[in-house]
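Peer 1: File run.cif below, mmCIF, C-alpha atoms:
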```
data_query
#
loop_
_atom_site.label_atom_id
_atom_site.label_comp_id
_atom_site.auth_asym_id
_atom_site.auth_seq_id
_atom_site.Cartn_x
_atom_site.Cartn_y
_atom_site.Cartn_z
CA MET A 1 28.31 -34.76 3.08
CA VAL A 2 30.07 -31.46 2.24
CA TRP A 3 28.52 -31.42 -1.21
CA ALA A 4 25.10 -32.09 0.29
CA VAL A 5 25.48 -29.11 2.64
CA LEU A 6 26.65 -26.87 -0.20
CA ALA A 7 23.67 -27.94 -2.29
CA VAL A 8 21.26 -27.04 0.50
CA VAL A 9 22.91 -23.62 0.92
CA ALA A 10 22.72 -23.02 -2.84
CA LEU A 11 19.04 -23.92 -2.95
CA ALA A 12 18.29 -21.66 0.01
CA SER A 13 20.10 -18.76 -1.67
CA CYS A 14 18.12 -19.22 -4.88
CA SER A 15 14.80 -19.41 -3.05
CA ASP A 16 15.44 -16.12 -1.23
CA LYS A 17 15.80 -13.98 -4.34
CA TYR A 18 13.43 -11.30 -5.60
CA SER A 19 13.07 -9.92 -9.10
CA VAL A 20 11.27 -6.68 -9.97
CA SER A 21 10.82 -5.84 -13.65
CA GLY A 22 8.56 -3.78 -15.83
CA THR A 23 8.12 -0.99 -18.32
CA SER A 24 8.33 2.72 -17.56
CA LEU A 25 6.71 5.33 -19.79
CA GLN A 26 9.60 7.78 -19.55
CA SER A 27 7.67 10.54 -21.30
CA ILE A 28 5.19 10.48 -18.40
CA TYR A 29 7.41 9.76 -15.41
CA GLY A 30 10.57 11.50 -16.61
CA ALA A 31 12.76 8.80 -15.09
CA ASN A 32 16.10 7.38 -16.20
CA THR A 33 16.53 5.27 -13.06
CA ALA A 34 14.15 3.02 -11.15
CA PHE A 35 14.50 2.92 -7.36
CA LEU A 36 13.21 0.67 -4.61
CA LYS A 37 13.09 2.80 -1.46
CA SER A 38 12.32 1.85 2.12
CA THR A 39 8.97 3.15 3.36
CA GLU A 40 10.51 3.59 6.81
CA ASP A 41 13.38 6.00 6.10
CA ALA A 42 13.42 6.35 2.28
CA HIS A 43 16.88 4.80 1.92
CA THR A 44 17.54 3.09 -1.40
CA VAL A 45 17.08 -0.69 -1.22
CA ASP A 46 17.91 -1.28 -4.90
CA SER A 47 18.09 0.63 -8.17
CA CYS A 48 18.76 0.17 -11.86
CA ASP A 49 18.93 2.14 -15.09
CA ILE A 50 15.85 2.29 -17.31
CA VAL A 51 16.94 1.15 -20.77
CA HIS A 52 14.57 1.55 -23.72
CA GLY A 53 11.72 2.01 -21.27
CA LYS A 54 12.41 -1.24 -19.40
CA PHE A 55 13.92 -1.94 -16.01
CA SER A 56 14.84 -5.01 -13.99
CA MET A 57 16.24 -5.51 -10.48
CA THR A 58 17.21 -8.76 -8.77
CA GLY A 59 18.56 -9.23 -5.27
CA ILE A 60 18.77 -11.37 -2.17
CA LEU A 61 15.76 -11.14 0.11
CA ASP A 62 16.63 -10.72 3.80
CA SER A 63 12.99 -10.40 4.85
CA VAL A 64 9.64 -9.62 3.27
CA GLN A 65 9.05 -5.88 3.35
CA CYS A 66 6.92 -3.20 1.75
CA VAL A 67 8.91 -0.66 -0.27
CA GLN A 68 8.18 2.10 -2.76
CA LEU A 69 9.02 1.74 -6.44
CA VAL A 70 10.03 5.24 -7.52
CA LEU A 71 10.02 6.26 -11.18
CA GLY A 72 10.69 9.97 -11.48
CA ASN A 73 7.82 11.78 -9.75
CA MET A 74 5.70 8.63 -9.47
CA SER A 75 5.88 6.01 -6.73
CA VAL A 76 3.85 2.89 -5.99
CA PRO A 77 4.02 0.35 -3.14
CA VAL A 78 5.70 -2.99 -3.79
CA VAL A 79 5.87 -5.98 -1.47
CA LEU A 80 9.43 -7.18 -1.81
CA GLU A 81 9.00 -10.93 -1.58
CA GLN A 82 10.35 -14.07 -3.18
CA GLY A 83 9.49 -14.49 -6.86
CA ASN A 84 9.14 -12.50 -10.06
CA ILE A 85 7.39 -9.21 -9.33
CA GLU A 86 5.95 -7.59 -12.45
CA VAL A 87 5.12 -3.90 -12.86
CA SER A 88 2.68 -2.93 -15.58
CA PHE A 89 1.12 0.29 -16.81
CA ALA A 90 -2.63 0.22 -17.48
CA ASN A 91 -5.35 2.87 -17.50
CA SER A 92 -2.83 5.58 -16.53
CA THR A 93 -1.87 3.61 -13.41
CA LEU A 94 1.11 1.51 -12.40
CA LYS A 95 0.12 -1.89 -11.03
CA VAL A 96 2.20 -4.58 -9.39
CA GLY A 97 1.61 -8.33 -9.43
CA GLY A 98 3.10 -11.74 -10.07
CA THR A 99 3.62 -12.77 -6.44
CA PRO A 100 1.02 -13.73 -3.78
CA LEU A 101 1.19 -10.68 -1.52
CA ASN A 102 1.45 -8.18 -4.38
CA ASP A 103 -1.54 -9.78 -6.12
CA LYS A 104 -3.55 -9.61 -2.90
CA PHE A 105 -2.46 -6.03 -2.17
CA TYR A 106 -3.37 -4.66 -5.59
CA GLN A 107 -6.67 -6.50 -5.70
CA PHE A 108 -7.51 -4.70 -2.45
CA LEU A 109 -6.25 -1.32 -3.71
CA THR A 110 -8.27 -1.63 -6.92
CA SER A 111 -11.49 -2.44 -5.07
CA ARG A 112 -10.82 0.36 -2.59
CA ASP A 113 -10.17 2.86 -5.39
CA SER A 114 -13.63 2.14 -6.79
CA LEU A 115 -15.14 3.44 -3.54
CA THR A 116 -12.90 6.52 -3.32
CA MET A 117 -13.82 7.40 -6.91
CA LEU A 118 -17.50 7.38 -5.90
CA LEU A 119 -16.67 9.69 -2.99
CA ASP A 120 -14.81 12.03 -5.32
CA GLU A 121 -17.89 12.19 -7.55
CA LEU A 122 -20.14 13.57 -4.80
CA PRO A 123 -19.25 17.27 -5.36
CA HIS A 124 -20.07 16.85 -9.06
CA LYS A 125 -23.36 15.22 -8.13
CA GLU A 126 -24.14 18.14 -5.84
CA ALA A 127 -23.44 20.68 -8.58
CA SER A 128 -25.56 18.73 -11.07
CA MET A 129 -28.48 18.44 -8.65
CA LEU A 130 -28.34 22.19 -7.93
CA LEU A 131 -28.47 22.93 -11.64
CA ASP A 132 -31.46 20.62 -11.94
CA GLY A 133 -33.28 22.63 -9.29
CA VAL A 134 -33.27 20.00 -6.55
CA PRO A 135 -33.89 21.67 -3.14
CA GLU A 136 -30.69 22.10 -1.13
CA ASP A 137 -31.99 20.30 1.95
CA GLN A 138 -32.88 17.29 -0.21
CA ILE A 139 -29.43 17.36 -1.81
CA TYR A 140 -27.63 17.46 1.52
CA THR A 141 -29.79 14.66 2.92
CA THR A 142 -29.37 12.42 -0.12
CA LEU A 143 -25.65 13.00 -0.61
CA GLY A 144 -24.98 12.97 3.12
CA GLU A 145 -26.46 9.49 3.40
CA GLU A 146 -24.50 8.37 0.34
CA GLU A 147 -21.23 9.72 1.76
CA PHE A 148 -21.87 8.09 5.13
CA ASP A 149 -22.51 4.74 3.44
CA LEU A 150 -19.38 4.98 1.25
CA ARG A 151 -17.15 5.89 4.19
CA ALA A 152 -18.62 3.01 6.20
CA GLN A 153 -17.80 0.66 3.32
CA LEU A 154 -14.23 2.01 3.18
CA ASP A 155 -13.78 1.54 6.93
CA LYS A 156 -15.08 -2.01 6.72
CA LYS A 157 -12.82 -2.79 3.75
CA ASP A 158 -9.77 -1.36 5.56
CA SER A 159 -10.61 -3.22 8.78
CA ASN A 160 -11.20 -6.55 7.06
CA PHE A 161 -8.00 -6.24 5.04
CA ILE A 162 -5.91 -5.62 8.14
CA THR A 163 -7.49 -8.43 10.19
CA ASP A 164 -7.18 -10.84 7.25
CA ASN A 165 -3.46 -9.99 7.06
CA TYR A 166 -2.49 -9.79 10.73
CA ASP A 167 0.06 -12.52 10.01
CA ASN A 168 1.97 -10.80 7.20
CA ILE A 169 3.46 -7.46 6.16
CA LEU A 170 0.26 -6.26 4.46
CA GLY A 171 -1.62 -5.98 7.75
CA VAL A 172 1.10 -3.87 9.39
CA THR A 173 1.57 -1.76 6.25
CA TRP A 174 -2.09 -0.77 5.95
CA PHE A 175 -2.50 -0.34 9.71
CA MET A 176 0.39 2.13 9.72
CA ARG A 177 -1.11 3.87 6.72
CA LEU A 178 -4.33 4.47 8.69
CA CYS A 179 -2.31 5.65 11.71
CA THR A 180 -0.33 8.10 9.58
CA ALA A 181 -3.46 9.48 7.92
CA GLU A 182 -5.14 10.03 11.30
CA SER A 183 -2.03 11.70 12.74
CA MET A 184 -1.69 14.03 9.75
CA LYS A 185 -5.31 15.07 10.21
CA TYR A 186 -4.62 16.35 13.74
CA GLY A 187 -0.93 17.22 13.50
CA PHE A 188 0.29 14.80 16.17
CA PRO A 189 0.42 11.00 16.71
CA THR A 190 -3.08 9.80 17.53
CA THR A 191 -5.56 7.02 16.87
CA ASN A 192 -9.31 6.65 16.41
CA PRO A 193 -11.82 4.03 17.61
CA MET A 194 -11.26 1.78 14.57
CA ILE A 195 -7.47 1.85 14.99
CA ASP A 196 -7.84 1.14 18.71
CA GLU A 197 -10.13 -1.82 18.00
CA LEU A 198 -7.76 -3.25 15.37
CA TYR A 199 -4.79 -2.89 17.71
CA GLY A 200 -6.69 -4.28 20.68
CA LYS A 201 -7.64 -7.55 18.98
CA ALA A 202 -4.37 -7.99 17.05
CA PRO A 203 -2.12 -10.98 17.86
CA ASP A 204 1.06 -10.39 19.86
CA GLU A 205 3.34 -10.70 16.82
CA PHE A 206 1.49 -7.83 15.13
CA ARG A 207 1.51 -5.63 18.26
CA GLN A 208 5.24 -6.27 18.71
CA ASN A 209 6.14 -5.10 15.20
CA LYS A 210 8.74 -2.31 15.47
CA ASP A 211 6.70 0.27 13.53
CA VAL A 212 3.56 -0.47 15.53
CA VAL A 213 5.44 -0.30 18.85
CA ASP A 214 7.13 3.00 17.89
CA PHE A 215 3.84 4.60 16.87
CA MET A 216 1.93 3.47 19.94
CA ASN A 217 4.75 4.73 22.17
CA LYS A 218 4.44 8.15 20.54
CA VAL A 219 0.66 8.11 21.01
CA ASN A 220 1.18 7.31 24.71
CA GLY A 221 3.87 9.95 25.11
CA LYS A 222 6.76 7.52 25.60
#
```
Take the structure in the file and give it back as structure tokens.

Peer 2:
Amino acid sequence: MVWAVLAVVALASCSDKYSVSGTSLQSIYGANTAFLKSTEDAHTVDSCDIVHGKFSMTGILDSVQCVQLVLGNMSVPVVLEQGNIEVSFANSTLKVGGTPLNDKFYQFLTSRDSLTMLLDELPHKEASMLLDGVPEDQIYTTLGEEEFDLRAQLDKKDSNFITDNYDNILGVTWFMRLCTAESMKYGFPTTNPMIDELYGKAPDEFRQNKDVVDFMNKVNGK
């Protein structure tokens, strides 16, 4: 019986481990050490030396959480979850995958980036249209409609991602990202209609998350 209990404990310990490994282009990031830092208070969750451009960290997982992988002056989000998390460098961008939530997160980020790139192109479109002699009122109408459509698509993508992930760390992480962005815009904790709608229809477990509770208390002056 004792051996059976020990075997169960051993299996549980193995199943609760995470591994984060990848390659760092030191010439770009200027890093000799890789860090996993908490998104909440920036304390170091784990770290390791980068040897010959490679790094690897393994540890016991207390709970699934979203952290930042920091390599020199570059940082990217990582969902610290059970399994082998792989970090790769492609098209001048660090990407994370290999585990279910990281795969889902980076699929979302990639699709979202495609929309933000189109938004970033609008000023160049405006300059090109001016050079081509297109009347200014036509330019503002055309590009205004295009910007409105792109921002609506972004809002829908953000909203769907959060509602689809109400039951895991991704939903809370992106919800708090929207809350932070809105607060930075005005200089104090605040929400907007989309945030209010997402919060209003969220399940109790989501609304009772510590970060969500803390933010909403600040919004309400508590």

Peer 1: Emit as JSON the padded axis-aligned box for all listed atoms of region 194-209 of chain A, 6 Å per side, with centre and edge lengths in Å to one decimal.

Peer 2:
```
{"center_x": -2.6, "center_y": -4.6, "center_z": 17.6, "size_x": 29.4, "size_y": 24.8, "size_z": 18.1}
```

Peer 1: Within 10 Å of (-0.4, -11.5, -1.6) (coordinates as in the file), grab all the protein and nucleic acid residues, counting only C-alpha atoms, and write them out as a list in words.

Peer 2: Val79, Glu81, Gly97, Gly98, Thr99, Pro100, Leu101, Asn102, Asp103, Lys104, Phe105, Tyr106, Gln107, Phe108, Asn165, Asn168, Ile169 and Leu170 of chain A

Peer 1: Can I get the selection written as an mmCIF file, in the frame of the given file, with C-alpha atoms?

Peer 2:
```
data_model
loop_
_atom_site.group_PDB
_atom_site.id
_atom_site.type_symbol
_atom_site.label_atom_id
_atom_site.label_comp_id
_atom_site.auth_asym_id
_atom_site.auth_seq_id
_atom_site.Cartn_x
_atom_site.Cartn_y
_atom_site.Cartn_z
ATOM 1 C CA VAL A 79 5.870 -5.980 -1.470
ATOM 2 C CA GLU A 81 9.000 -10.930 -1.580
ATOM 3 C CA GLY A 97 1.610 -8.330 -9.430
ATOM 4 C CA GLY A 98 3.100 -11.740 -10.070
ATOM 5 C CA THR A 99 3.620 -12.770 -6.440
ATOM 6 C CA PRO A 100 1.020 -13.730 -3.780
ATOM 7 C CA LEU A 101 1.190 -10.680 -1.520
ATOM 8 C CA ASN A 102 1.450 -8.180 -4.380
ATOM 9 C CA ASP A 103 -1.540 -9.780 -6.120
ATOM 10 C CA LYS A 104 -3.550 -9.610 -2.900
ATOM 11 C CA PHE A 105 -2.460 -6.030 -2.170
ATOM 12 C CA TYR A 106 -3.370 -4.660 -5.590
ATOM 13 C CA GLN A 107 -6.670 -6.500 -5.700
ATOM 14 C CA PHE A 108 -7.510 -4.700 -2.450
ATOM 15 C CA ASN A 165 -3.460 -9.990 7.060
ATOM 16 C CA ASN A 168 1.970 -10.800 7.200
ATOM 17 C CA ILE A 169 3.460 -7.460 6.160
ATOM 18 C CA LEU A 170 0.260 -6.260 4.460
#
```

Peer 1: In Å, how far is it from CA of Glu182 (chain A) to CA of Met194 (chain A)?

Peer 2: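 Here the two named atoms are 10.8 Å from each other.
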
Peer 1: Can you list, as a PyMOL selection string, every protein, DNA or RNA residue that comes within 12 Å of region 71-76 of chain A when you count all atoms listed in the file, leaving out same-chain residues fewer than 3 positions away?

Peer 2: chain A and resi 22-39+42+47-50+53-55+66-68+79+87-89+92-97+102+105-106+109

Peer 1: Deliver the residues from the most recent selection as a file, using C-alpha atoms, as a compact mmCIF listing (two decimals), in the coordinates of the input.

Peer 2:
```
# COMPACT_ATOMS: atom_id res chain seq x y z
CA GLY A 22 8.56 -3.78 -15.83
CA THR A 23 8.12 -0.99 -18.32
CA SER A 24 8.33 2.72 -17.56
CA LEU A 25 6.71 5.33 -19.79
CA GLN A 26 9.60 7.78 -19.55
CA SER A 27 7.67 10.54 -21.30
CA ILE A 28 5.19 10.48 -18.40
CA TYR A 29 7.41 9.76 -15.41
CA GLY A 30 10.57 11.50 -16.61
CA ALA A 31 12.76 8.80 -15.09
CA ASN A 32 16.10 7.38 -16.20
CA THR A 33 16.53 5.27 -13.06
CA ALA A 34 14.15 3.02 -11.15
CA PHE A 35 14.50 2.92 -7.36
CA LEU A 36 13.21 0.67 -4.61
CA LYS A 37 13.09 2.80 -1.46
CA SER A 38 12.32 1.85 2.12
CA THR A 39 8.97 3.15 3.36
CA ALA A 42 13.42 6.35 2.28
CA SER A 47 18.09 0.63 -8.17
CA CYS A 48 18.76 0.17 -11.86
CA ASP A 49 18.93 2.14 -15.09
CA ILE A 50 15.85 2.29 -17.31
CA GLY A 53 11.72 2.01 -21.27
CA LYS A 54 12.41 -1.24 -19.40
CA PHE A 55 13.92 -1.94 -16.01
CA CYS A 66 6.92 -3.20 1.75
CA VAL A 67 8.91 -0.66 -0.27
CA GLN A 68 8.18 2.10 -2.76
CA VAL A 79 5.87 -5.98 -1.47
CA VAL A 87 5.12 -3.90 -12.86
CA SER A 88 2.68 -2.93 -15.58
CA PHE A 89 1.12 0.29 -16.81
CA SER A 92 -2.83 5.58 -16.53
CA THR A 93 -1.87 3.61 -13.41
CA LEU A 94 1.11 1.51 -12.40
CA LYS A 95 0.12 -1.89 -11.03
CA VAL A 96 2.20 -4.58 -9.39
CA GLY A 97 1.61 -8.33 -9.43
CA ASN A 102 1.45 -8.18 -4.38
CA PHE A 105 -2.46 -6.03 -2.17
CA TYR A 106 -3.37 -4.66 -5.59
CA LEU A 109 -6.25 -1.32 -3.71
```

Peer 1: Specify as a PDB file with C-alpha atoms, in the frame of the given file each residue included when the PyMOL selection byres ((chain A and resi 202-206) around 12) is applied to this file.

Peer 2:
```pdb
ATOM      1  CA  SER A 159     -10.610  -3.220   8.780  1.00  0.00           C
ATOM      2  CA  ILE A 162      -5.910  -5.620   8.140  1.00  0.00           C
ATOM      3  CA  THR A 163      -7.490  -8.430  10.190  1.00  0.00           C
ATOM      4  CA  ASP A 164      -7.180 -10.840   7.250  1.00  0.00           C
ATOM      5  CA  ASN A 165      -3.460  -9.990   7.060  1.00  0.00           C
ATOM      6  CA  TYR A 166      -2.490  -9.790  10.730  1.00  0.00           C
ATOM      7  CA  ASP A 167       0.060 -12.520  10.010  1.00  0.00           C
ATOM      8  CA  ASN A 168       1.970 -10.800   7.200  1.00  0.00           C
ATOM      9  CA  ILE A 169       3.460  -7.460   6.160  1.00  0.00           C
ATOM     10  CA  LEU A 170       0.260  -6.260   4.460  1.00  0.00           C
ATOM     11  CA  GLY A 171      -1.620  -5.980   7.750  1.00  0.00           C
ATOM     12  CA  VAL A 172       1.100  -3.870   9.390  1.00  0.00           C
ATOM     13  CA  THR A 173       1.570  -1.760   6.250  1.00  0.00           C
ATOM     14  CA  PHE A 175      -2.500  -0.340   9.710  1.00  0.00           C
ATOM     15  CA  MET A 176       0.390   2.130   9.720  1.00  0.00           C
ATOM     16  CA  ILE A 195      -7.470   1.850  14.990  1.00  0.00           C
ATOM     17  CA  ASP A 196      -7.840   1.140  18.710  1.00  0.00           C
ATOM     18  CA  GLU A 197     -10.130  -1.820  18.000  1.00  0.00           C
ATOM     19  CA  LEU A 198      -7.760  -3.250  15.370  1.00  0.00           C
ATOM     20  CA  TYR A 199      -4.790  -2.890  17.710  1.00  0.00           C
ATOM     21  CA  GLY A 200      -6.690  -4.280  20.680  1.00  0.00           C
ATOM     22  CA  LYS A 201      -7.640  -7.550  18.980  1.00  0.00           C
ATOM     23  CA  ARG A 207       1.510  -5.630  18.260  1.00  0.00           C
ATOM     24  CA  GLN A 208       5.240  -6.270  18.710  1.00  0.00           C
ATOM     25  CA  ASN A 209       6.140  -5.100  15.200  1.00  0.00           C
ATOM     26  CA  LYS A 210       8.740  -2.310  15.470  1.00  0.00           C
ATOM     27  CA  ASP A 211       6.700   0.270  13.530  1.00  0.00           C
ATOM     28  CA  VAL A 212       3.560  -0.470  15.530  1.00  0.00           C
ATOM     29  CA  VAL A 213       5.440  -0.300  18.850  1.00  0.00           C
TER      30      VAL A 213
END
```

Peer 1: How many Å lie between CA of Leu115 (chain A) and CA of Leu154 (chain A), rounded to one decimal?

Peer 2: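 CA of Leu115 (chain A) sits 6.9 Å away from CA of Leu154 (chain A).
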
Peer 1: To one decimal place, how far is CA of Asp46 (chain A) from CA of Val20 (chain A) in Å?

Peer 2: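 Taking CA of Asp46 (chain A) as the start and CA of Val20 (chain A) as the end point, the length is 9.9 Å.
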
Peer 1: Might you pull out every residue within 10 Å of Ser183 (chain A), with all atoms listed in the file counted and same-chain residues fewer than 6 positions away left off, and present them as an MDAnalysis selection string?

Peer 2: chainID A and resid 177 189:192 219

Peer 1: With distances taken over only C-alpha atoms, which residue among A:Leu69, A:Met129, A:Leu178, A:Val134 lies nearest Thr44 (chain A)?

Peer 2: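 Distance minimum relative to Thr44 (chain A) lands on A:Leu69.
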
Peer 1: What do you get, as a list in words, if you spell out every residue that the PyMOL selection byres ((chain A and resi 56-64) around 6) selects here?

Peer 2: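 Selected by the PyMOL selection byres ((chain A and resi 56-64) around 6) here: Asp16, Lys17, Tyr18, Ser19, Val20, Ser21, Phe55, Gln65, Leu80 and Glu81 of chain A.
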
Peer 1: When the PyMOL selection byres ((chain A and resi 147) around 12) is applied to the file above, which residues end up in the set, as a CSV table (one decimal) with C-alpha atoms, in the coordinates of the input?

Peer 2:
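Output file out-v1.csv is given in full below:
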```csv
chain,number,residue,atom,x,y,z
A,115,LEU,CA,-15.1,3.4,-3.5
A,116,THR,CA,-12.9,6.5,-3.3
A,117,MET,CA,-13.8,7.4,-6.9
A,118,LEU,CA,-17.5,7.4,-5.9
A,119,LEU,CA,-16.7,9.7,-3.0
A,120,ASP,CA,-14.8,12.0,-5.3
A,121,GLU,CA,-17.9,12.2,-7.6
A,122,LEU,CA,-20.1,13.6,-4.8
A,123,PRO,CA,-19.2,17.3,-5.4
A,125,LYS,CA,-23.4,15.2,-8.1
A,126,GLU,CA,-24.1,18.1,-5.8
A,139,ILE,CA,-29.4,17.4,-1.8
A,140,TYR,CA,-27.6,17.5,1.5
A,141,THR,CA,-29.8,14.7,2.9
A,142,THR,CA,-29.4,12.4,-0.1
A,143,LEU,CA,-25.6,13.0,-0.6
A,144,GLY,CA,-25.0,13.0,3.1
A,145,GLU,CA,-26.5,9.5,3.4
A,146,GLU,CA,-24.5,8.4,0.3
A,148,PHE,CA,-21.9,8.1,5.1
A,149,ASP,CA,-22.5,4.7,3.4
A,150,LEU,CA,-19.4,5.0,1.2
A,151,ARG,CA,-17.2,5.9,4.2
A,152,ALA,CA,-18.6,3.0,6.2
A,153,GLN,CA,-17.8,0.7,3.3
A,154,LEU,CA,-14.2,2.0,3.2
```
